[in-house]
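The block underneath contains the structure these notes are about, expressed in structure tokens.
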Amino acid sequence: MQVISDLAGFKAIRSTIDPTIRIGFVPTMGALHEGHASLVERSRADNEITIVSIFVNPTQFGPHEDFHKYPRKLDEDALLLEKLGVDYIFAPQVSDIYPNRQSTGNIAITIPGLTGILEGKSRPGHFEGVLLVVSILFNIVRPHRAYFGIKDYQQCLLIQHLVKDLHFPLEIIPCPILRAPDGLALSSRNAYLSEGERRTALSLSQTLSDIKVMAATQPDVAHLEDYAINKLNRSSGLRLDYFEIVDGNKLQHISYLHEAEKVVALVAAYVGKTRLIDNIMLKG
Ligand code: AMP
């Protein structure tokens, strides 16, 4: 495995890879856990070469978010990725990815109706930053397939739109959510949680699984949302941002589960100062 932390070095290596070799790409912000590992394993199974990027992308963080304190553990991450059989880690500098950031700012990619809702409403500019960095990384890495977790459901959907609408010549592979044995969705931000906060955070996955059970017999979305919102609001130490049940393709509100082929319940909440997200498929 090679760790490459400069753009010129990466481009030089990329240009030597035989075009007939299939390349799988797993973009990450590092502080890796089993969820990331599951994406890497899938890429290893599907492709001859796997490239993982580690880049804490400044443009997807709001001015009051955790960009500066986001966990950075390149050495530990490299050990894990080496064990997983990754071929290259690309860990570029901010100036490699955004050479003109100070002088000209950044291009913003928006997808009307999709980037400004849910996570995009709570975190203005977040998805514009995600879509920008993913586009830049796709152009540098030029993979055949790229792997994204549906833990970040809206992100995964937006990236599928991006690739289709801008004709990026690659395939997006959505991958399932990895959870701790108690149900908590794995996340690099779980490292911020105290023991007590971690217990509080469990109400997210517990509420989602209650809703999944209820949805088998209760098709009324308002009823399901009320149950979840009340349960989460009763959880002390947790501050709910949103709980919404939406069409899994358009992310639009529905009144009854039968109104969409695919239905997803999405939640975001603060536990202490840590913002967590989770989701569950109710249909499709
Ligand atoms: P991040 O480092 O948080 O930007 O995440 C990198 C990739 O890992 C994204 O595609 C995430 O959706 C995915 N990911 C994060 N947590 C999980 C998880 N618990 N299960 C599966 N994939 C995940």
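Letters A, B, ... go to the chains of the structure tokens in the order shown; residues in each chain start at 1; ligands are counted from 1 in the same order.
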For ligand 1, collect every residue having any atom at a distance of at most 9 Å from a ligand atom (counting only C-alpha atoms and all ligand atoms); output as a compact mmCIF listing (two decimals) with N, CA, C and O atoms, in the first residue's frame.
# COMPACT_ATOMS: atom_id res chain seq x y z
N VAL A 26 -13.04 4.77 -2.60
CA VAL A 26 -13.82 5.01 -1.38
C VAL A 26 -13.38 6.36 -0.80
O VAL A 26 -12.34 6.47 -0.16
N PRO A 27 -14.18 7.42 -1.05
CA PRO A 27 -13.83 8.73 -0.48
C PRO A 27 -14.23 8.79 1.00
O PRO A 27 -15.35 8.41 1.35
N THR A 28 -13.33 9.28 1.85
CA THR A 28 -13.63 9.39 3.28
C THR A 28 -13.00 10.67 3.84
O THR A 28 -12.17 11.30 3.20
N MET A 29 -13.40 10.98 5.08
CA MET A 29 -12.74 12.06 5.80
C MET A 29 -11.84 11.49 6.90
O MET A 29 -11.42 12.21 7.81
N GLY A 30 -11.56 10.19 6.84
CA GLY A 30 -10.67 9.58 7.83
C GLY A 30 -11.37 9.30 9.14
O GLY A 30 -12.59 9.28 9.22
N ALA A 31 -10.54 9.06 10.21
CA ALA A 31 -11.06 8.58 11.50
C ALA A 31 -11.93 7.35 11.23
O ALA A 31 -13.11 7.31 11.57
N LEU A 32 -11.29 6.38 10.61
CA LEU A 32 -12.04 5.27 10.00
C LEU A 32 -12.56 4.28 11.03
O LEU A 32 -11.96 4.07 12.07
N HIS A 33 -13.70 3.67 10.69
CA HIS A 33 -14.32 2.66 11.54
C HIS A 33 -14.82 1.52 10.65
O HIS A 33 -14.59 1.54 9.43
N GLU A 34 -15.53 0.58 11.27
CA GLU A 34 -15.98 -0.60 10.52
C GLU A 34 -16.91 -0.25 9.35
O GLU A 34 -17.02 -1.00 8.39
N GLY A 35 -17.63 0.87 9.49
CA GLY A 35 -18.50 1.30 8.38
C GLY A 35 -17.67 1.60 7.14
O GLY A 35 -17.97 1.11 6.04
N HIS A 36 -16.60 2.36 7.32
CA HIS A 36 -15.70 2.63 6.19
C HIS A 36 -15.09 1.32 5.68
O HIS A 36 -14.97 1.10 4.48
N ALA A 37 -14.71 0.45 6.65
CA ALA A 37 -14.08 -0.82 6.26
C ALA A 37 -15.01 -1.64 5.37
O ALA A 37 -14.56 -2.31 4.44
N SER A 38 -16.32 -1.57 5.65
CA SER A 38 -17.26 -2.37 4.84
C SER A 38 -17.30 -1.86 3.39
O SER A 38 -17.44 -2.66 2.46
N LEU A 39 -17.13 -0.56 3.21
CA LEU A 39 -17.07 -0.01 1.84
C LEU A 39 -15.80 -0.49 1.13
O LEU A 39 -15.81 -0.86 -0.04
N ILE A 54 -8.52 10.24 1.94
CA ILE A 54 -8.74 10.76 3.29
C ILE A 54 -8.54 12.26 3.19
O ILE A 54 -7.43 12.74 2.94
N PHE A 55 -9.64 12.99 3.32
CA PHE A 55 -9.57 14.44 3.15
C PHE A 55 -10.71 15.07 3.92
O PHE A 55 -11.88 14.82 3.63
N VAL A 56 -10.37 15.83 4.95
CA VAL A 56 -11.39 16.55 5.71
C VAL A 56 -11.68 17.82 4.90
O VAL A 56 -10.85 18.72 4.84
N ASN A 57 -12.83 17.80 4.26
CA ASN A 57 -13.13 18.80 3.23
C ASN A 57 -13.69 20.09 3.84
O ASN A 57 -14.84 20.10 4.29
N TYR A 147 -17.81 4.06 -3.93
CA TYR A 147 -18.61 3.42 -2.88
C TYR A 147 -19.01 4.45 -1.83
O TYR A 147 -18.16 5.16 -1.28
N PHE A 148 -20.32 4.52 -1.56
CA PHE A 148 -20.84 5.47 -0.58
C PHE A 148 -21.81 4.76 0.35
O PHE A 148 -22.57 3.88 -0.08
N GLY A 149 -21.81 5.17 1.61
CA GLY A 149 -22.70 4.55 2.60
C GLY A 149 -24.06 5.22 2.59
O GLY A 149 -24.15 6.45 2.51
N ILE A 150 -25.14 4.41 2.72
CA ILE A 150 -26.46 5.03 2.82
C ILE A 150 -26.73 5.54 4.23
O ILE A 150 -27.78 6.09 4.51
N LYS A 151 -25.73 5.39 5.12
CA LYS A 151 -25.77 6.11 6.40
C LYS A 151 -26.02 7.61 6.12
O LYS A 151 -26.76 8.28 6.82
N ASP A 152 -25.36 8.10 5.06
CA ASP A 152 -25.57 9.48 4.60
C ASP A 152 -26.52 9.40 3.41
O ASP A 152 -26.12 9.55 2.25
N TYR A 153 -27.79 9.14 3.70
CA TYR A 153 -28.75 8.77 2.65
C TYR A 153 -28.89 9.86 1.59
O TYR A 153 -28.81 9.60 0.39
N GLN A 155 -26.90 12.35 0.93
CA GLN A 155 -25.64 12.52 0.22
C GLN A 155 -25.51 11.50 -0.90
O GLN A 155 -25.14 11.83 -2.04
N CYS A 156 -25.82 10.25 -0.58
CA CYS A 156 -25.68 9.17 -1.55
C CYS A 156 -26.61 9.42 -2.74
O CYS A 156 -26.19 9.28 -3.91
N PRO A 174 -24.11 2.15 -3.72
CA PRO A 174 -24.56 2.46 -2.36
C PRO A 174 -24.37 1.24 -1.46
O PRO A 174 -24.63 0.12 -1.89
N CYS A 175 -23.92 1.47 -0.24
CA CYS A 175 -23.60 0.35 0.67
C CYS A 175 -24.40 0.51 1.98
O CYS A 175 -24.63 1.64 2.43
N PRO A 176 -24.78 -0.63 2.59
CA PRO A 176 -25.63 -0.58 3.80
C PRO A 176 -24.96 0.06 5.01
O PRO A 176 -23.73 0.15 5.08
N ILE A 177 -25.80 0.44 5.98
CA ILE A 177 -25.31 1.08 7.21
C ILE A 177 -24.75 0.02 8.15
O ILE A 177 -25.42 -0.96 8.44
N LEU A 178 -23.53 0.23 8.60
CA LEU A 178 -22.95 -0.64 9.64
C LEU A 178 -23.28 -0.06 11.00
O LEU A 178 -23.13 1.14 11.21
N ARG A 179 -23.73 -0.94 11.91
CA ARG A 179 -24.14 -0.49 13.24
C ARG A 179 -23.32 -1.20 14.31
O ARG A 179 -22.86 -2.32 14.10
N ALA A 180 -23.19 -0.58 15.47
CA ALA A 180 -22.60 -1.25 16.64
C ALA A 180 -23.61 -2.32 17.08
O ALA A 180 -24.79 -2.25 16.72
N LEU A 184 -26.44 1.48 17.44
CA LEU A 184 -25.98 2.83 17.07
C LEU A 184 -25.24 2.77 15.72
O LEU A 184 -24.34 1.94 15.54
N ALA A 185 -25.64 3.64 14.79
CA ALA A 185 -24.95 3.69 13.50
C ALA A 185 -23.52 4.16 13.73
O ALA A 185 -23.28 5.15 14.43
N LEU A 186 -22.54 3.43 13.14
CA LEU A 186 -21.15 3.84 13.32
C LEU A 186 -20.92 5.18 12.63
O LEU A 186 -21.45 5.44 11.56
N SER A 187 -20.14 6.03 13.29
CA SER A 187 -19.83 7.35 12.74
C SER A 187 -18.53 7.84 13.39
O SER A 187 -18.29 7.58 14.57
N SER A 188 -17.73 8.56 12.60
CA SER A 188 -16.50 9.13 13.18
C SER A 188 -16.85 10.07 14.32
O SER A 188 -16.08 10.24 15.27
N ARG A 189 -18.01 10.71 14.25
CA ARG A 189 -18.40 11.68 15.29
C ARG A 189 -18.81 10.98 16.59
O ARG A 189 -18.92 11.66 17.62
N ASP A 278 -29.15 9.45 11.19
CA ASP A 278 -29.40 8.02 10.98
C ASP A 278 -30.64 7.91 10.09
O ASP A 278 -31.35 8.90 9.88
Using only C-alpha atoms, what table do you get, as a Markdown table, when you list each residue of stretch 4-51 of chain A with an atom no more than 12 Å from stretch 95-98 of chain A, its nearest pair of atoms, and their distance in Å rounded to one decimal, rows by chain then rising number?
| residue | atom | partner | partner_atom | distance |
| --- | --- | --- | --- | --- |
| A:Ser5 | CA | A:Asp96 | CA | 9.3 |
| A:Asp6 | CA | A:Asp96 | CA | 7.1 |
| A:Leu7 | CA | A:Asp96 | CA | 5.9 |
| A:Ala8 | CA | A:Asp96 | CA | 8.8 |
| A:Gly9 | CA | A:Asp96 | CA | 11.1 |
| A:Phe10 | CA | A:Asp96 | CA | 10.8 |
| A:Lys11 | CA | A:Asp96 | CA | 11.4 |
Discussion item. From the options A:Gln252, A:Ser122, A:Ile89, A:Glu128, which residue's atoms come nearest to A:Asn106, counting only C-alpha atoms?
Written reply: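 Smallest distance to A:Asn106 is found for A:Glu128.
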Discussion item. Please determine, counting only C-alpha atoms, which residue among A:Asp220, A:Arg72, A:Ile277, A:Leu282 has the shortest atom-to-atom distance to A:Asp247.
Written reply: A:Leu282
Fill in: Selected residue, from A:Ile254, A:Ile21, A:Ser209, A:Thr200, that lies nearest to A:Val221 when counting only C-alpha atoms
A:Ile254
Discussion item. Residues within 12 Å of A:Asn249, please, as a ChimeraX atom specification. Count only C-alpha atoms; anything in the same chain fewer than 3 positions from it doesn't count.
Written reply: /A:113-114,153-154,156-158,160-161,245-246,252-254,259-264,281,283-284
Please report, as an mmCIF file with C-alpha atoms, in the first residue's frame, each residue of stretch 11-252 of chain A to which DSSP assigns strand (DSSP E or B) when run on this structure's backbone.
data_model
loop_
_atom_site.group_PDB
_atom_site.id
_atom_site.type_symbol
_atom_site.label_atom_id
_atom_site.label_comp_id
_atom_site.auth_asym_id
_atom_site.auth_seq_id
_atom_site.Cartn_x
_atom_site.Cartn_y
_atom_site.Cartn_z
ATOM 1 C CA ILE A 23 -10.431 0.866 -9.968
ATOM 2 C CA GLY A 24 -12.734 1.122 -6.943
ATOM 3 C CA PHE A 25 -12.720 4.360 -4.954
ATOM 4 C CA VAL A 26 -13.815 5.010 -1.376
ATOM 5 C CA PRO A 27 -13.834 8.727 -0.478
ATOM 6 C CA THR A 28 -13.630 9.390 3.284
ATOM 7 C CA ILE A 49 -7.348 -1.811 -7.370
ATOM 8 C CA THR A 50 -8.878 0.059 -4.432
ATOM 9 C CA ILE A 51 -8.046 3.696 -3.718
ATOM 10 C CA VAL A 52 -9.210 5.366 -0.488
ATOM 11 C CA SER A 53 -9.067 9.132 -0.119
ATOM 12 C CA ILE A 54 -8.742 10.758 3.288
ATOM 13 C CA TYR A 88 -3.396 3.479 -2.438
ATOM 14 C CA ILE A 89 -4.363 6.093 0.117
ATOM 15 C CA PHE A 90 -4.730 9.538 -1.388
ATOM 16 C CA ARG A 145 -16.786 2.524 -9.300
ATOM 17 C CA ALA A 146 -17.191 4.666 -6.174
ATOM 18 C CA TYR A 147 -18.609 3.422 -2.878
ATOM 19 C CA PHE A 148 -20.844 5.474 -0.577
ATOM 20 C CA GLY A 149 -22.700 4.553 2.600
ATOM 21 C CA GLU A 171 -20.807 3.732 -11.259
ATOM 22 C CA ILE A 172 -21.969 4.631 -7.746
ATOM 23 C CA ILE A 173 -22.376 1.674 -5.404
ATOM 24 C CA PRO A 174 -24.564 2.459 -2.363
ATOM 25 C CA CYS A 175 -23.601 0.352 0.673
ATOM 26 C CA ARG A 179 -24.137 -0.489 13.244
ATOM 27 C CA ALA A 185 -24.947 3.691 13.500
ATOM 28 C CA ASP A 220 -50.289 6.964 8.012
ATOM 29 C CA LEU A 238 -31.154 14.832 22.999
ATOM 30 C CA ARG A 239 -32.202 17.802 20.880
ATOM 31 C CA LEU A 240 -34.104 16.752 17.786
ATOM 32 C CA ASP A 241 -33.295 18.613 14.571
ATOM 33 C CA TYR A 242 -35.690 16.748 12.279
ATOM 34 C CA PHE A 243 -37.452 13.430 11.888
ATOM 35 C CA GLU A 244 -39.067 13.004 8.468
ATOM 36 C CA ILE A 245 -40.540 10.160 6.495
ATOM 37 C CA VAL A 246 -40.154 10.893 2.782
ATOM 38 C CA ASP A 247 -40.224 9.435 -0.708
#
Discussion item. When you count only C-alpha atoms, which of these residues is closest to A:Val271: A:Glu197, A:Glu119, A:Glu48, A:Asp66?
Written reply: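 Answer, going by the shortest atom-to-atom distance: A:Glu197.
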Discussion item. So that I can check the secondary structure, give me every residue of stretch 217-250 of chain A assigned alpha helix (DSSP H) by backbone DSSP, as a ChimeraX atom specification.
Written reply: /A:221-233
Worksheet entry | Å distance separating atom CA of A:Gly183 from atom CA of A:Leu74, one decimal place | 27.0 Å
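Of the residues listed (A:Arg22, A:Phe67, A:Lys273, A:Leu170), A:Arg22 shows the shortest atom-to-atom separation from A:Arg44; distances use only C-alpha atoms.
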Practice prompt. Point out the residue among A:Arg198, A:Arg142, A:His68, A:Lys73 with the least atom-to-atom distance to A:Ser15, counting only C-alpha atoms.
Written response: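 For A:Ser15, the nearest of the given residues is A:Arg142.
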